[in-house]
Amino acid sequence: MTSTSKRGIDVLKDSLINKSTGFSESEKQALGIVGLVPDVEETIEIQLKRVLEQLEKKATNLDQFIYLMGLLDSNQILFYRTLMSDPARFLEIVYDPTIGEACLKFDHIMRRPLGMYLSVKRKGNIKQILQNWPEKDVRFICVTNGGRILGLGDLGANGMGIPVGKLQLYTATAGVPPEGLLPIYIDEGTNNEEYLNDPLYVGLKKKRGTTEELYSFVDEFVDAVQEVFPNCCIHFEDWTGADAISLLARYRDRVCCYNDDIQGTAGVTLAGLINALKKTGGLLKDQKIFFAGAGSAAIGLADLIVSALAKEGISPEISRSQIRMFDTKGIVTKNRQNLENYKLPYAHDLQQSRSFDHTDLESEIPELISAINDFKPNVLIGVSTVRKLFNQSVIECMCSHNDKPIIFALSNPTEKHECLPEKAYEWSSKRAIYAGGVQFPPVHIDNQTFLPSQANNLYIFPAVGMAVYATKAKRVTDEMFIEAAHGVAEQVSQKQLELGMLFPPQSNILEVEIKTAAKVAKLIFEKDLAGVSRPQDYEEFIRNHVFNAVYANIESE
């Protein structure tokens, strides 16, 4: 039962309680909406049928995205009922890969503002501004400054599509109730000249300020959140690599927060590695891992691998010696001038490589191949956002050192992808164990079918989020993401592994997330980080907190 003081047209304007054609006769009378809606009482299933029929008539995925955002504006329950009816279909519409195109055009397709926009012009007043949000028990804030949206770079205010979409995944895939979710864009300007010259751009038309100015503003924001929303967990999303790493280190031991680009990406990739090693027969501690890309995703994954191996008694020094990184200047080495501090743990005593030039990618691939031949890795992970970086020569080079090379091409959207799955299978003579950053269709080669997996963070962060939500966890730790990785990995069957799948099917994502969240919740209680009493049954405990996209009876206050 839901009660409301609203009446008449105000009921229909509230997307949290609006049922459109789904109100009962008693509700219409009590809420004063007789005549304001058709004189029928449709079930949500009938409404869903109408939604699906209208979606079928949309020409592109972006058109479907725009339609669904309109549905979200008017009827949140029906919006989530749609997403949860066929997650494998709709997650790629409301999030990756369609979200990349949507963000590029976000200011041009915007119907109404979603979430909150915190401008640096408002410094000193963040607490008061946050109090303008109508929901007082916010449990998750997903916040970006638009500095590095997917593999698309600085999109400024257009990056607001990412926290909006990420929080929708909390609900659609793990059942976190939507009313406690708040997307926020911190507007410090943009260095994107196209947007600065676009009359429809909705962000501050100024260049970004200094790092010190940004961090001072974020300090005020984080402190304000603790006062205004004391039960809130802060989810940092799509900041530049250096900022992502620095801000996480700045707050992780002080407030409940995490960075999905660092810890979520790491968790899902670790889950993929766990299952890939079931196919090779190897152990994680024996793997040599080579990263193409040395930003926040690479550092986060490497750190999580080091943490996972520490649980097995392997020292960080030994673990790091098994990891090498290749960035725009070549192999990360200790003798490199002006080496970023966050890369130091993975810098080795090796000869400095020459500069790697993205504008002339093909001529630089021999440098990458030389580094692979020198290291002879078992695992090649692409987090470079460089399209077609893993060409035939690179894949064949990995095959020369491995019977079953593990190839993870994780950059997204699709146009930033290091290697398509069909090419990885073809060039490796079907030997490659592959995962991509986006979902690809089945690959058919020589009467054999492969189902390439998507190493998508959505397997991890919503489950961790649900566990944090249900337990009211005081902090978020790396160990929670390691536990989530094992929880996801163990839900892939042997038959699915044989077909090339390293992750469970997205068609059953809610069940996957519930089981994973139960494992994370158990860990939270064991580490004495929970803010509620320990339950007898962890899975039942999680299920009792899951949002169901069904209409509640509404009564007038």
# chains A, B, ... in the order shown; residues from 1 in each chain; ligands from 1
>>> select_by_dssp(residues="range 108-160 of chain A", states="strand (DSSP E)", output="list in words")
Met116, Tyr117, Leu118, Ser119, Phe140, Ile141, Cys142, Val143 and Thr144 of chain A
>>> write_last_selection(atoms="C-alpha atoms", output="CSV table (one decimal), in the first residue's frame")
chain,number,residue,atom,x,y,z
A,116,MET,CA,21.2,16.8,-9.9
A,117,TYR,CA,23.7,19.2,-11.5
A,118,LEU,CA,26.3,20.6,-9.1
A,119,SER,CA,28.2,23.5,-10.6
A,140,PHE,CA,23.3,5.6,-3.6
A,141,ILE,CA,24.7,8.5,-5.5
A,142,CYS,CA,26.4,7.8,-8.8
A,143,VAL,CA,28.5,10.9,-9.6
A,144,THR,CA,30.7,11.9,-12.6
>>> residues_around(residues="Pro413 in chain A", least_positions_apart="3", cutoff="12 Å", atoms="only C-alpha atoms", output="PyMOL selection string")
chain A and resi 92+95-104+149-153+383-387+409-410+416-418+420+436-440+456
>>> select_by_dssp(residues="range 344-541 of chain A", states="helix (DSSP H, G or I)", output="NGL selection string")
:A and (344-346 or 358-375 or 392-401 or 414-416 or 421-427 or 457-459 or 461-471 or 478-489 or 494-498 or 506-526 or 538-541)
>>> atom_distance(atom1="CA of Ile542 in chain A", atom2="CA of Ala470 in chain A")
6.6 Å
>>> residues_around(residues="Leu350 in chain A", least_positions_apart="5", cutoff="12 Å", atoms="only C-alpha atoms", output="PyMOL selection string")
chain A and resi 321+324-325+330-336+371+374-375
>>> residues_around(residues="range 300-302 of chain A", least_positions_apart="2", cutoff="12 Å", atoms="only C-alpha atoms", output="PDB file with C-alpha atoms, in the first residue's frame")
ATOM      1  CA  GLY A 241      42.177   7.872 -14.788  1.00  0.00           C
ATOM      2  CA  ALA A 242      44.361   9.941 -12.472  1.00  0.00           C
ATOM      3  CA  ALA A 244      39.553   8.199 -10.429  1.00  0.00           C
ATOM      4  CA  ILE A 245      42.505   6.634  -8.621  1.00  0.00           C
ATOM      5  CA  SER A 246      43.273   9.691  -6.479  1.00  0.00           C
ATOM      6  CA  LEU A 248      39.108   6.685  -4.450  1.00  0.00           C
ATOM      7  CA  ALA A 249      42.260   6.670  -2.335  1.00  0.00           C
ATOM      8  CA  TYR A 258      33.745   2.929  -4.486  1.00  0.00           C
ATOM      9  CA  ASN A 259      34.753   3.495  -8.106  1.00  0.00           C
ATOM     10  CA  ASP A 260      33.110   1.191 -10.619  1.00  0.00           C
ATOM     11  CA  ASP A 261      35.665   1.846 -13.368  1.00  0.00           C
ATOM     12  CA  ILE A 262      38.373   0.622 -11.002  1.00  0.00           C
ATOM     13  CA  GLN A 263      36.754  -1.959  -8.731  1.00  0.00           C
ATOM     14  CA  GLY A 264      33.741  -3.003 -10.819  1.00  0.00           C
ATOM     15  CA  THR A 265      35.805  -3.521 -13.965  1.00  0.00           C
ATOM     16  CA  ALA A 266      38.355  -5.390 -11.909  1.00  0.00           C
ATOM     17  CA  GLY A 267      35.707  -7.610 -10.347  1.00  0.00           C
ATOM     18  CA  VAL A 268      34.076  -8.677 -13.599  1.00  0.00           C
ATOM     19  CA  THR A 269      37.436  -9.281 -15.287  1.00  0.00           C
ATOM     20  CA  LEU A 270      38.562 -11.377 -12.326  1.00  0.00           C
ATOM     21  CA  ALA A 271      35.365 -13.424 -12.693  1.00  0.00           C
ATOM     22  CA  GLY A 272      36.203 -13.962 -16.363  1.00  0.00           C
ATOM     23  CA  LEU A 273      39.753 -15.003 -15.511  1.00  0.00           C
ATOM     24  CA  LYS A 288      51.607 -13.698 -16.690  1.00  0.00           C
ATOM     25  CA  ILE A 289      49.197 -10.862 -17.405  1.00  0.00           C
ATOM     26  CA  PHE A 290      49.820  -8.150 -20.007  1.00  0.00           C
ATOM     27  CA  PHE A 291      47.712  -4.975 -20.099  1.00  0.00           C
ATOM     28  CA  GLY A 293      46.436   0.331 -21.441  1.00  0.00           C
ATOM     29  CA  ALA A 294      47.590   1.537 -18.025  1.00  0.00           C
ATOM     30  CA  GLY A 295      44.748   3.772 -16.841  1.00  0.00           C
ATOM     31  CA  SER A 296      42.409   3.394 -13.901  1.00  0.00           C
ATOM     32  CA  ALA A 297      40.808   0.184 -15.232  1.00  0.00           C
ATOM     33  CA  ALA A 298      44.171  -1.545 -15.667  1.00  0.00           C
ATOM     34  CA  LEU A 304      42.432  -6.613  -7.325  1.00  0.00           C
ATOM     35  CA  ILE A 305      44.442  -9.536  -8.718  1.00  0.00           C
ATOM     36  CA  VAL A 306      47.211  -8.718  -6.244  1.00  0.00           C
ATOM     37  CA  SER A 307      44.622  -8.623  -3.431  1.00  0.00           C
ATOM     38  CA  ALA A 308      43.085 -11.922  -4.565  1.00  0.00           C
ATOM     39  CA  LEU A 309      46.500 -13.595  -4.633  1.00  0.00           C
ATOM     40  CA  PRO A 316      52.351  -8.313  -3.563  1.00  0.00           C
ATOM     41  CA  SER A 319      52.211 -10.845  -7.889  1.00  0.00           C
ATOM     42  CA  ARG A 320      53.249  -7.521  -9.425  1.00  0.00           C
ATOM     43  CA  SER A 321      56.264  -9.114 -11.074  1.00  0.00           C
ATOM     44  CA  GLN A 322      53.793 -11.196 -13.115  1.00  0.00           C
ATOM     45  CA  ILE A 323      52.033  -8.105 -14.494  1.00  0.00           C
ATOM     46  CA  ARG A 324      53.211  -5.708 -17.214  1.00  0.00           C
ATOM     47  CA  MET A 325      51.507  -2.674 -18.669  1.00  0.00           C
ATOM     48  CA  TYR A 342      49.801   5.383  -9.592  1.00  0.00           C
ATOM     49  CA  LYS A 343      51.730   3.377 -12.204  1.00  0.00           C
ATOM     50  CA  PRO A 345      53.790  -0.377  -8.444  1.00  0.00           C
ATOM     51  CA  TYR A 346      53.706  -1.943 -11.932  1.00  0.00           C
ATOM     52  CA  ILE A 381      43.831  -7.583 -21.555  1.00  0.00           C
ATOM     53  CA  GLY A 382      42.846  -4.597 -23.668  1.00  0.00           C
ATOM     54  CA  VAL A 383      41.772  -1.459 -21.816  1.00  0.00           C
ATOM     55  CA  LEU A 410      37.436  -4.773 -22.885  1.00  0.00           C
ATOM     56  CA  ASP A 478      38.134  -4.673  -2.477  1.00  0.00           C
ATOM     57  CA  PHE A 481      34.487  -7.270  -5.295  1.00  0.00           C
ATOM     58  CA  ILE A 482      36.655 -10.389  -5.069  1.00  0.00           C
ATOM     59  CA  ALA A 485      33.759 -12.165  -8.804  1.00  0.00           C
TER      60      ALA A 485
END
>>> residues_around(residues="Ala174 in chain A", least_positions_apart="5", cutoff="8 Å", atoms="only C-alpha atoms", output="count of residues only")
9
